[in-house]
file run15.cif (mmCIF, C-alpha atoms)
data_upload
loop_
_atom_site.group_PDB
_atom_site.id
_atom_site.type_symbol
_atom_site.label_atom_id
_atom_site.label_comp_id
_atom_site.auth_asym_id
_atom_site.auth_seq_id
_atom_site.Cartn_x
_atom_site.Cartn_y
_atom_site.Cartn_z
ATOM 1 C CA MET J 26 -10.563 63.254 -9.701
ATOM 2 C CA ARG J 27 -11.232 60.145 -7.633
ATOM 3 C CA CYS J 28 -9.222 59.296 -4.489
ATOM 4 C CA GLU J 29 -7.938 55.997 -6.021
ATOM 5 C CA GLU J 30 -6.529 57.872 -9.000
ATOM 6 C CA VAL J 31 -4.872 60.444 -6.739
ATOM 7 C CA SER J 32 -3.453 57.731 -4.480
ATOM 8 C CA GLU J 33 -1.993 55.874 -7.479
ATOM 9 C CA ASN J 34 -0.139 59.033 -8.534
ATOM 10 C CA LEU J 35 0.785 60.585 -5.174
ATOM 11 C CA SER J 36 4.303 59.191 -5.091
ATOM 12 C CA PHE J 37 5.071 60.652 -8.540
ATOM 13 C CA TYR J 38 3.308 63.895 -7.529
ATOM 14 C CA ILE J 39 5.491 64.477 -4.467
ATOM 15 C CA ASP J 40 8.607 63.722 -6.552
ATOM 16 C CA GLY J 41 7.529 66.460 -8.998
ATOM 17 C CA GLU J 42 7.214 64.006 -11.844
ATOM 18 C CA ILE J 43 3.628 64.943 -12.647
ATOM 19 C CA LYS J 44 3.173 68.182 -14.541
ATOM 20 C CA GLY J 45 0.423 70.206 -16.223
ATOM 21 C CA LYS J 46 -3.264 69.576 -15.822
ATOM 22 C CA MET J 47 -2.896 66.376 -13.854
ATOM 23 C CA ARG J 48 -0.728 68.108 -11.258
ATOM 24 C CA LYS J 49 -3.270 70.884 -10.967
ATOM 25 C CA ASP J 50 -6.129 68.348 -10.576
ATOM 26 C CA ILE J 51 -4.281 66.485 -7.830
ATOM 27 C CA SER J 52 -3.505 69.783 -6.028
ATOM 28 C CA ILE J 53 -7.190 70.773 -6.127
ATOM 29 C CA HIS J 54 -8.204 67.322 -4.872
ATOM 30 C CA LEU J 55 -5.708 67.461 -2.011
ATOM 31 C CA LYS J 56 -7.144 70.777 -0.842
ATOM 32 C CA LYS J 57 -10.597 69.230 -0.598
ATOM 33 C CA CYS J 58 -9.944 65.620 0.507
ATOM 34 C CA GLU J 59 -8.621 65.156 4.051
ATOM 35 C CA ARG J 60 -7.809 61.459 3.523
ATOM 36 C CA CYS J 61 -5.641 62.057 0.431
ATOM 37 C CA LYS J 62 -4.108 65.132 2.059
ATOM 38 C CA LYS J 63 -3.033 62.976 5.017
ATOM 39 C CA GLU J 64 -1.604 60.355 2.655
ATOM 40 C CA ALA J 65 0.379 63.028 0.798
ATOM 41 C CA SER J 66 1.639 64.504 4.033
ATOM 42 C CA ASP J 67 2.674 61.016 5.304
ATOM 43 C CA LEU J 68 4.540 60.253 2.088
ATOM 44 C CA ARG J 69 6.295 63.634 2.239
ATOM 45 C CA LEU J 70 7.308 62.992 5.838
ATOM 46 C CA ILE J 71 8.577 59.499 5.038
ATOM 47 C CA LYS J 72 10.527 60.867 2.079
ATOM 48 C CA ALA J 73 12.067 63.689 4.119
ATOM 49 C CA GLU J 74 12.940 61.459 7.078
ATOM 50 C CA THR J 75 14.352 58.794 4.795
ATOM 51 C CA ARG J 76 16.502 61.287 2.907
ATOM 52 C CA SER J 77 17.999 62.440 6.188
ATOM 53 C CA LEU J 78 18.867 58.949 7.447
ATOM 54 C CA SER J 79 22.486 59.003 8.508
ATOM 55 C CA PRO J 80 25.126 57.396 6.351
ATOM 56 C CA ILE J 81 26.709 54.548 8.287
ATOM 57 C CA GLU J 82 30.479 54.457 8.693
ATOM 58 C CA PRO J 83 31.919 50.957 8.248
ATOM 59 C CA PRO J 84 34.248 49.624 10.955
ATOM 60 C CA ASP J 85 37.972 50.195 10.286
ATOM 61 C CA TRP J 86 38.822 46.517 10.369
ATOM 62 C CA ILE J 87 36.960 45.997 7.073
ATOM 63 C CA TRP J 88 39.797 47.750 5.210
ATOM 64 C CA PHE J 89 42.396 45.524 6.880
ATOM 65 C CA ASN J 90 40.352 42.421 6.046
ATOM 66 C CA ILE J 91 40.062 43.507 2.404
ATOM 67 C CA LYS J 92 43.810 44.110 2.164
ATOM 68 C CA ASN J 93 44.460 40.772 3.850
ATOM 69 C CA THR J 94 42.127 38.938 1.454
ATOM 70 C CA LEU J 95 43.766 40.588 -1.571
ATOM 71 C CA TRP J 96 47.232 39.748 -0.224
ATOM 72 C CA ARG J 97 46.242 36.096 0.317
ATOM 73 C CA GLN J 98 44.742 35.883 -3.176
ATOM 74 C CA ARG J 99 47.879 37.387 -4.741
ATOM 75 C CA LEU J 100 50.076 34.998 -2.755
ATOM 76 C CA PHE J 101 47.942 32.028 -3.826
ATOM 77 C CA LYS J 102 48.184 33.169 -7.462
ATOM 78 C CA ARG J 103 51.959 33.440 -7.205
ATOM 79 C CA VAL J 104 52.327 30.014 -5.547
ATOM 80 C CA PHE J 105 49.986 28.531 -8.131
ATOM 81 C CA ALA J 106 51.997 30.120 -10.977
ATOM 82 C CA ILE J 107 55.297 28.809 -9.556
ATOM 83 C CA ALA J 108 53.824 25.325 -9.013
ATOM 84 C CA SER J 109 52.400 25.327 -12.545
ATOM 85 C CA ALA J 110 55.765 26.385 -14.000
ATOM 86 C CA ALA J 111 57.535 23.658 -11.985
ATOM 87 C CA CYS J 112 55.032 21.024 -13.186
ATOM 88 C CA LEU J 113 55.460 22.179 -16.763
ATOM 89 C CA ALA J 114 59.260 22.013 -16.456
ATOM 90 C CA ILE J 115 59.046 18.479 -15.024
ATOM 91 C CA VAL J 116 56.765 17.378 -17.873
ATOM 92 C CA ILE J 117 59.072 18.916 -20.514
ATOM 93 C CA VAL J 118 62.264 17.449 -19.019
ATOM 94 C CA GLY J 119 60.553 14.070 -18.536
ATOM 95 C CA SER J 120 59.318 14.046 -22.122
ATOM 96 C CA LEU J 121 62.775 14.948 -23.485
ATOM 97 C CA PHE J 122 64.346 12.216 -21.358
ATOM 98 C CA PHE J 123 61.775 9.683 -22.557
ATOM 99 C CA ILE J 124 62.281 10.663 -26.222
ATOM 100 C CA ARG J 125 66.081 10.482 -25.868
ATOM 101 C CA THR J 126 65.902 7.090 -24.110
ATOM 102 C CA SER J 127 63.535 5.754 -26.780
ATOM 103 C CA GLN J 128 65.877 6.913 -29.535
ATOM 104 C CA LYS J 129 68.865 5.262 -27.811
ATOM 105 C CA ARG J 130 66.878 2.089 -27.266
ATOM 106 C CA ALA J 131 65.911 1.998 -30.978
ATOM 107 C CA LYS J 132 69.577 2.421 -32.004
ATOM 108 C CA THR J 133 70.836 -0.341 -29.690
ATOM 109 C CA ASP J 134 67.997 -2.655 -30.795
ATOM 110 C CA ILE J 135 69.133 -2.267 -34.411
ATOM 111 C CA ALA J 136 72.751 -2.822 -33.345
ATOM 112 C CA PHE J 137 71.820 -6.025 -31.482
ATOM 113 C CA GLU J 138 70.001 -7.287 -34.590
ATOM 114 C CA ARG J 139 73.091 -6.520 -36.654
ATOM 115 C CA LEU J 140 75.311 -8.297 -34.102
ATOM 116 C CA LYS J 141 73.113 -11.401 -34.273
ATOM 117 C CA THR J 142 73.289 -11.433 -38.081
ATOM 118 C CA LEU J 143 77.069 -10.944 -37.934
ATOM 119 C CA ASP J 144 77.460 -13.828 -35.432
ATOM 120 C CA GLU J 145 75.600 -16.160 -37.792
ATOM 121 C CA ALA J 146 77.584 -14.933 -40.835
ATOM 122 C CA ILE J 147 80.899 -15.331 -38.918
ATOM 123 C CA GLU J 148 79.940 -18.868 -37.926
ATOM 124 C CA GLU J 149 79.120 -19.736 -41.559
ATOM 125 C CA CYS J 150 82.370 -18.140 -42.754
ATOM 126 C CA ARG J 151 84.467 -20.089 -40.213
ATOM 127 C CA GLU J 152 82.737 -23.298 -41.283
ATOM 128 C CA SER J 153 83.483 -22.521 -44.934
ATOM 129 C CA LEU J 154 87.142 -21.726 -44.049
ATOM 130 C CA ARG J 155 87.514 -25.091 -42.303
ATOM 131 C CA VAL J 156 86.291 -26.934 -45.427
ATOM 132 C CA ASN J 157 88.024 -24.755 -48.006
ATOM 133 C CA PRO J 158 90.706 -22.413 -46.601
ATOM 134 C CA ASN J 159 91.417 -19.514 -48.944
ATOM 135 C CA ALA J 160 92.551 -15.886 -48.679
ATOM 136 C CA ARG J 161 89.280 -14.295 -49.923
ATOM 137 C CA VAL J 162 87.135 -15.981 -47.239
ATOM 138 C CA ARG J 163 89.757 -15.173 -44.584
ATOM 139 C CA LYS J 164 89.607 -11.499 -45.634
ATOM 140 C CA THR J 165 85.779 -11.560 -45.437
ATOM 141 C CA LEU J 166 85.984 -13.125 -41.952
ATOM 142 C CA TYR J 167 88.465 -10.463 -40.864
ATOM 143 C CA ASP J 168 86.147 -7.688 -42.114
ATOM 144 C CA MET J 169 83.216 -9.239 -40.259
ATOM 145 C CA TYR J 170 85.210 -9.350 -36.981
ATOM 146 C CA LYS J 171 86.024 -5.656 -37.429
ATOM 147 C CA GLU J 172 82.317 -4.895 -37.999
ATOM 148 C CA GLN J 173 81.431 -6.961 -34.926
ATOM 149 C CA VAL J 174 83.812 -4.926 -32.721
ATOM 150 C CA LYS J 175 82.411 -1.675 -34.153
ATOM 151 C CA THR J 176 78.847 -2.759 -33.422
ATOM 152 C CA ILE J 177 79.702 -3.814 -29.850
ATOM 153 C CA ASN J 178 81.385 -0.423 -29.266
ATOM 154 C CA LEU J 179 78.277 1.343 -30.581
ATOM 155 C CA ILE J 180 76.038 -0.633 -28.183
ATOM 156 C CA TYR J 181 78.249 0.308 -25.208
ATOM 157 C CA SER J 182 78.446 3.949 -26.196
ATOM 158 C CA GLU J 183 74.605 4.154 -26.296
ATOM 159 C CA GLY J 184 74.379 2.445 -22.919
ATOM 160 C CA GLY J 185 72.772 -0.810 -24.128
ATOM 161 C CA GLU J 186 72.786 -3.634 -21.553
ATOM 162 C CA GLN J 187 71.431 -6.840 -23.074
ATOM 163 C CA MET Z 10 49.612 56.209 -9.019
ATOM 164 C CA GLY Z 11 49.795 52.512 -8.189
ATOM 165 C CA LEU Z 12 46.777 50.222 -8.349
ATOM 166 C CA MET Z 13 46.676 49.842 -4.569
ATOM 167 C CA GLU Z 14 46.716 53.622 -4.019
ATOM 168 C CA GLU Z 15 43.964 54.083 -6.595
ATOM 169 C CA PHE Z 16 41.988 51.322 -4.898
ATOM 170 C CA GLU Z 17 42.425 52.978 -1.506
ATOM 171 C CA GLU Z 18 40.998 56.200 -2.948
ATOM 172 C CA VAL Z 19 38.007 54.338 -4.367
ATOM 173 C CA TYR Z 20 37.495 52.601 -1.023
ATOM 174 C CA THR Z 21 37.620 55.896 0.856
ATOM 175 C CA LYS Z 22 35.161 57.466 -1.570
ATOM 176 C CA TYR Z 23 32.579 54.668 -1.639
ATOM 177 C CA LYS Z 24 32.951 52.808 1.677
ATOM 178 C CA VAL Z 25 30.193 54.677 3.530
ATOM 179 C CA LYS Z 26 27.753 54.448 0.622
ATOM 180 C CA VAL Z 27 28.396 50.721 0.109
ATOM 181 C CA TYR Z 28 28.254 49.886 3.805
ATOM 182 C CA SER Z 29 25.087 51.956 4.314
ATOM 183 C CA ILE Z 30 23.318 50.218 1.413
ATOM 184 C CA CYS Z 31 24.458 46.810 2.677
ATOM 185 C CA TYR Z 32 23.373 47.576 6.213
ATOM 186 C CA ARG Z 33 19.935 48.823 5.155
ATOM 187 C CA MET Z 34 19.439 45.931 2.749
ATOM 188 C CA MET Z 35 20.551 43.248 5.216
ATOM 189 C CA GLY Z 36 19.711 44.746 8.593
ATOM 190 C CA SER Z 37 22.788 43.260 10.226
ATOM 191 C CA LYS Z 38 26.266 44.640 10.782
ATOM 192 C CA GLU Z 39 27.839 41.229 10.263
ATOM 193 C CA ASP Z 40 26.263 40.727 6.827
ATOM 194 C CA ALA Z 41 26.908 44.350 5.886
ATOM 195 C CA SER Z 42 30.602 43.957 6.752
ATOM 196 C CA ASP Z 43 30.906 40.664 4.852
ATOM 197 C CA ILE Z 44 29.251 42.035 1.737
ATOM 198 C CA THR Z 45 31.199 45.304 1.864
ATOM 199 C CA GLN Z 46 34.416 43.270 1.849
ATOM 200 C CA ASP Z 47 33.209 41.143 -1.077
ATOM 201 C CA VAL Z 48 32.188 44.256 -3.021
ATOM 202 C CA PHE Z 49 35.596 45.890 -2.655
ATOM 203 C CA VAL Z 50 37.535 42.714 -3.416
ATOM 204 C CA LYS Z 51 35.566 42.555 -6.690
ATOM 205 C CA VAL Z 52 36.179 46.264 -7.291
ATOM 206 C CA TYR Z 53 39.941 45.782 -6.882
ATOM 207 C CA LYS Z 54 39.990 42.995 -9.457
ATOM 208 C CA LYS Z 55 38.150 45.077 -12.076
ATOM 209 C CA LEU Z 56 39.515 48.517 -11.234
ATOM 210 C CA ASN Z 57 41.749 48.619 -14.309
ATOM 211 C CA THR Z 58 38.784 48.217 -16.640
ATOM 212 C CA PHE Z 59 36.994 51.387 -15.467
ATOM 213 C CA LYS Z 60 37.754 54.684 -17.138
ATOM 214 C CA GLY Z 61 35.009 57.054 -15.991
ATOM 215 C CA ASN Z 62 33.746 57.641 -12.482
ATOM 216 C CA SER Z 63 30.086 57.280 -13.453
ATOM 217 C CA SER Z 64 30.457 53.737 -14.778
ATOM 218 C CA LEU Z 65 32.452 52.773 -11.689
ATOM 219 C CA SER Z 66 29.817 54.263 -9.404
ATOM 220 C CA THR Z 67 26.963 52.485 -11.233
ATOM 221 C CA TRP Z 68 28.903 49.240 -11.193
ATOM 222 C CA ILE Z 69 29.684 49.514 -7.476
ATOM 223 C CA HIS Z 70 26.003 50.120 -6.743
ATOM 224 C CA ARG Z 71 25.048 47.194 -8.949
ATOM 225 C CA ILE Z 72 27.363 44.653 -7.346
ATOM 226 C CA THR Z 73 26.473 45.924 -3.887
ATOM 227 C CA VAL Z 74 22.733 45.456 -4.446
ATOM 228 C CA ASN Z 75 23.191 42.178 -6.312
ATOM 229 C CA LEU Z 76 25.375 40.695 -3.568
ATOM 230 C CA CYS Z 77 22.798 41.772 -0.982
ATOM 231 C CA LEU Z 78 19.938 40.246 -2.975
ATOM 232 C CA ASP Z 79 21.954 37.021 -3.450
ATOM 233 C CA ARG Z 80 22.635 36.811 0.268
ATOM 234 C CA LEU Z 81 18.958 37.452 1.075
ATOM 235 C CA ARG Z 82 17.909 34.741 -1.401
ATOM 236 C CA LYS Z 83 20.328 32.261 0.165
ATOM 237 C CA LYS Z 84 19.284 33.098 3.684
ATOM 238 C CA LYS Z 85 15.567 33.244 2.900
ATOM 239 C CA LEU Z 86 15.250 35.172 6.108
ATOM 240 C CA ILE Z 87 13.691 38.444 7.041
ATOM 241 C CA PRO Z 88 16.664 40.520 8.142
ATOM 242 C CA LEU Z 89 17.161 41.287 11.792
ATOM 243 C CA TYR Z 90 17.392 44.924 12.633
ATOM 244 C CA GLU Z 91 20.112 46.183 14.924
ATOM 245 C CA ASN Z 92 19.721 49.628 16.358
ATOM 246 C CA ILE Z 93 22.190 52.183 15.159
ATOM 247 C CA SER Z 94 22.802 55.401 16.940
ATOM 248 C CA ALA Z 95 22.093 58.290 14.601
ATOM 249 C CA PRO Z 96 21.737 61.847 15.788
ATOM 250 C CA SER Z 97 18.314 63.086 14.680
ATOM 251 C CA PRO Z 98 15.614 65.455 15.854
ATOM 252 C CA ASN Z 99 13.137 62.584 15.552
ATOM 253 C CA PRO Z 100 15.117 59.395 16.171
ATOM 254 C CA TRP Z 101 11.997 57.448 17.071
ATOM 255 C CA LEU Z 102 10.423 57.930 13.622
ATOM 256 C CA LYS Z 103 13.750 57.361 11.939
ATOM 257 C CA SER Z 104 14.306 54.055 13.684
ATOM 258 C CA SER Z 105 10.743 53.017 12.802
ATOM 259 C CA ILE Z 106 11.481 53.857 9.177
ATOM 260 C CA GLU Z 107 14.759 51.922 9.323
ATOM 261 C CA ARG Z 108 12.873 48.919 10.709
ATOM 262 C CA ALA Z 109 10.090 49.266 8.143
ATOM 263 C CA ILE Z 110 12.635 49.398 5.282
ATOM 264 C CA GLN Z 111 13.896 45.992 6.404
ATOM 265 C CA SER Z 112 10.446 44.500 6.051
ATOM 266 C CA LEU Z 113 10.007 45.553 2.409
ATOM 267 C CA PRO Z 114 10.355 42.859 -0.278
ATOM 268 C CA PRO Z 115 14.027 42.821 -1.404
ATOM 269 C CA GLY Z 116 13.366 44.278 -4.888
ATOM 270 C CA TYR Z 117 11.307 47.209 -3.567
ATOM 271 C CA ARG Z 118 13.820 47.670 -0.766
ATOM 272 C CA ALA Z 119 16.701 48.033 -3.228
ATOM 273 C CA VAL Z 120 14.865 50.669 -5.313
ATOM 274 C CA PHE Z 121 13.703 52.529 -2.207
ATOM 275 C CA ILE Z 122 17.171 52.638 -0.628
ATOM 276 C CA LEU Z 123 18.860 53.707 -3.859
ATOM 277 C CA HIS Z 124 16.293 56.438 -4.591
ATOM 278 C CA ASP Z 125 15.079 57.781 -1.273
ATOM 279 C CA VAL Z 126 18.127 57.130 0.906
ATOM 280 C CA GLU Z 127 21.056 57.344 -1.500
ATOM 281 C CA GLY Z 128 19.463 59.861 -3.857
ATOM 282 C CA LEU Z 129 20.019 58.045 -7.153
ATOM 283 C CA THR Z 130 17.784 59.013 -10.076
ATOM 284 C CA HIS Z 131 15.423 56.511 -11.688
ATOM 285 C CA TYR Z 132 17.720 56.472 -14.704
ATOM 286 C CA GLU Z 133 20.688 55.518 -12.500
ATOM 287 C CA ILE Z 134 18.633 52.901 -10.664
ATOM 288 C CA ALA Z 135 17.503 51.429 -13.976
ATOM 289 C CA GLU Z 136 21.168 51.216 -15.069
ATOM 290 C CA THR Z 137 22.230 49.763 -11.758
ATOM 291 C CA LEU Z 138 19.546 47.111 -11.410
ATOM 292 C CA GLY Z 139 19.056 46.349 -15.086
ATOM 293 C CA ILE Z 140 15.381 47.362 -15.059
ATOM 294 C CA SER Z 141 13.415 50.043 -16.912
ATOM 295 C CA ASP Z 142 12.851 53.604 -15.662
ATOM 296 C CA GLY Z 143 9.148 52.865 -15.406
ATOM 297 C CA SER Z 144 9.727 49.739 -13.367
ATOM 298 C CA SER Z 145 11.945 51.695 -10.976
ATOM 299 C CA LYS Z 146 9.247 54.376 -10.528
ATOM 300 C CA SER Z 147 6.508 51.826 -10.038
ATOM 301 C CA GLN Z 148 8.526 49.840 -7.481
ATOM 302 C CA LEU Z 149 9.334 53.020 -5.578
ATOM 303 C CA HIS Z 150 5.650 53.958 -5.492
ATOM 304 C CA LYS Z 151 4.721 50.499 -4.150
ATOM 305 C CA ALA Z 152 7.565 50.592 -1.634
ATOM 306 C CA ARG Z 153 6.402 53.960 -0.257
ATOM 307 C CA LYS Z 154 2.808 52.764 -0.003
ATOM 308 C CA LEU Z 155 3.925 49.641 1.845
ATOM 309 C CA LEU Z 156 6.087 51.734 4.148
ATOM 310 C CA ARG Z 157 3.191 54.044 4.909
ATOM 311 C CA ASP Z 158 1.016 51.030 5.773
ATOM 312 C CA LYS Z 159 3.700 49.664 8.069
ATOM 313 C CA LEU Z 160 4.219 53.040 9.742
ATOM 314 C CA ARG Z 161 0.504 53.761 10.127
ATOM 315 C CA GLY Z 162 0.713 53.542 13.902
ATOM 316 C CA VAL Z 163 3.659 55.942 14.024
ATOM 317 C CA LEU Z 164 2.440 58.577 11.558
ATOM 318 C CA LEU Z 165 -0.187 60.357 13.572
#

call {"tool": "encode", "arguments": {"input": "run15.cif", "output": "structure tokens"}}
result
Amino acid sequence: MRCEEVSENLSFYIDGEIKGKMRKDISIHLKKCERCKKEASDLRLIKAETRSLSPIEPPDWIWFNIKNTLWRQRLFKRVFAIASAACLAIVIVGSLFFIRTSQKRAKTDIAFERLKTLDEAIEECRESLRVNPNARVRKTLYDMYKEQVKTINLIYSEGGEQ
Amino acid sequence: MGLMEEFEEVYTKYKVKVYSICYRMMGSKEDASDITQDVFVKVYKKLNTFKGNSSLSTWIHRITVNLCLDRLRKKKLIPLYENISAPSPNPWLKSSIERAIQSLPPGYRAVFILHDVEGLTHYEIAETLGISDGSSKSQLHKARKLLRDKLRGVLL
């Protein structure tokens, strides 16, 4: 076995990962070759020394920092959740208010249209009564006045201000 | 048992291992402390998802090494080595080895620390680092050869 081949496999050899004939060949080579023997002995020493390197105890304050970080993150999450819920509530209430206002506005707009039409009809009716006074037209005029009052009341009840 | 109590147990069990890996990967107490904190904050967030100890252990090793490698990539610096006091019959060789570990390329360093210092098997390292068994063995072999070259003056 050549030194290069032994060197390429020494790490696996000292870990016991090489078995059978190859292991035997390397062992024979190591007995004869001083250079490879030294390499094997160095690797064994490095491995042994490395395995016995001391575990390193972390400083105590790390645990307090971790707990502090987790506490801050939980607090931030809670504040964020509350703020999100508040924003959502504002959006919902605002939307409901807007929808309600729009509905009211639509109702009063229709009522104003009706009032305008009634005004014109009343004016025409009064004109007609002046020219030809009769009970049927008077009754129609009376009904239109009643409708006018009803429409004005509806506008006030919905909060219309035109 | 509450989540915080369970987390405290996990911290107690793994703190030395995580801090030791971080310290040997980074070569500085400051970085090791920072990364150890980041590792355990991540562990806390995912603790509920782990059932068995082995998957938790592999995962802790993985995030520890990955966070170290990320930090090394960002820093693009060869880590500084701070002396640590460790009782040993041959502290001089040990400290030379500690220093030499720091000078290994980050990938080799991770495999070397996990195998030769922490005692993980190649199978566990492969799981942890997302590489093959063979790649783990080959990187360990190269790491040891590099270490031997660097320690040539010390190994008489």

call {"tool": "interface_residues", "arguments": {"input": "run15.cif", "of": "chain J", "to": "chain Z", "cutoff": "12 Å", "atoms": "all atoms listed in the file", "output": "PyMOL selection string"}}
result
chain J and resi 32-40+42+63-99

call {"tool": "atom_distance", "arguments": {"input": "run15.cif", "atom1": "CA of Val163 (chain Z)", "atom2": "CA of Ser105 (chain Z)"}}
result
7.8 Å

call {"tool": "resolve_selection", "arguments": {"input": "run15.cif", "expression": "the PyMOL selection byres ((chain J and resi 173-182) around 8)", "output": "list of chain:residue names"}}
result
J:Thr133, J:Ala136, J:Phe137, J:Arg139, J:Leu140, J:Leu143, J:Asp144, J:Met169, J:Tyr170, J:Lys171, J:Glu172, J:Glu183, J:Gly184, J:Gly185, J:Glu186

call {"tool": "write_last_selection", "arguments": {"input": "run15.cif", "atoms": "C-alpha atoms", "output": "mmCIF file, in the coordinates of the input"}}
result
data_model
loop_
_atom_site.group_PDB
_atom_site.id
_atom_site.type_symbol
_atom_site.label_atom_id
_atom_site.label_comp_id
_atom_site.auth_asym_id
_atom_site.auth_seq_id
_atom_site.Cartn_x
_atom_site.Cartn_y
_atom_site.Cartn_z
ATOM 1 C CA THR J 133 70.836 -0.341 -29.690
ATOM 2 C CA ALA J 136 72.751 -2.822 -33.345
ATOM 3 C CA PHE J 137 71.820 -6.025 -31.482
ATOM 4 C CA ARG J 139 73.091 -6.520 -36.654
ATOM 5 C CA LEU J 140 75.311 -8.297 -34.102
ATOM 6 C CA LEU J 143 77.069 -10.944 -37.934
ATOM 7 C CA ASP J 144 77.460 -13.828 -35.432
ATOM 8 C CA MET J 169 83.216 -9.239 -40.259
ATOM 9 C CA TYR J 170 85.210 -9.350 -36.981
ATOM 10 C CA LYS J 171 86.024 -5.656 -37.429
ATOM 11 C CA GLU J 172 82.317 -4.895 -37.999
ATOM 12 C CA GLU J 183 74.605 4.154 -26.296
ATOM 13 C CA GLY J 184 74.379 2.445 -22.919
ATOM 14 C CA GLY J 185 72.772 -0.810 -24.128
ATOM 15 C CA GLU J 186 72.786 -3.634 -21.553
#

call {"tool": "atom_distance", "arguments": {"input": "run15.cif", "atom1": "CA of Val120 (chain Z)", "atom2": "CA of Ser141 (chain Z)"}}
result
11.7 Å

call {"tool": "residues_around", "arguments": {"input": "run15.cif", "residues": "Arg27 (chain J)", "least_positions_apart": "2", "cutoff": "12 Å", "atoms": "all atoms listed in the file", "output": "short mmCIF file (atom, residue, chain, number, x, y, z; two decimals) with C-alpha atoms, in the frame of the given file"}}
result
data_model
loop_
_atom_site.label_atom_id
_atom_site.label_comp_id
_atom_site.auth_asym_id
_atom_site.auth_seq_id
_atom_site.Cartn_x
_atom_site.Cartn_y
_atom_site.Cartn_z
CA GLU J 29 -7.94 56.00 -6.02
CA GLU J 30 -6.53 57.87 -9.00
CA VAL J 31 -4.87 60.44 -6.74
CA SER J 32 -3.45 57.73 -4.48
CA GLU J 33 -1.99 55.87 -7.48
CA ASN J 34 -0.14 59.03 -8.53
CA ASP J 50 -6.13 68.35 -10.58
CA ILE J 51 -4.28 66.48 -7.83
CA ILE J 53 -7.19 70.77 -6.13
CA HIS J 54 -8.20 67.32 -4.87
CA LEU J 55 -5.71 67.46 -2.01
CA LYS J 57 -10.60 69.23 -0.60
CA CYS J 58 -9.94 65.62 0.51
CA ARG J 60 -7.81 61.46 3.52
CA CYS J 61 -5.64 62.06 0.43
#

call {"tool": "residues_around", "arguments": {"input": "run15.cif", "residues": "Ile69 (chain Z)", "least_positions_apart": "2", "cutoff": "8 Å", "atoms": "all atoms listed in the file", "output": "PyMOL selection string"}}
result
chain Z and resi 27+48+52+65-67+71-73

call {"tool": "closest_residue", "arguments": {"input": "run15.cif", "among": "Z:Met34, Z:Leu56, Z:Ile134, Z:Leu12", "to": "Leu76 (chain Z)", "atoms": "only C-alpha atoms"}}
result
Z:Met34

call {"tool": "atom_distance", "arguments": {"input": "run15.cif", "atom1": "CA of Leu138 (chain Z)", "atom2": "CA of Glu15 (chain Z)"}}
result
25.8 Å
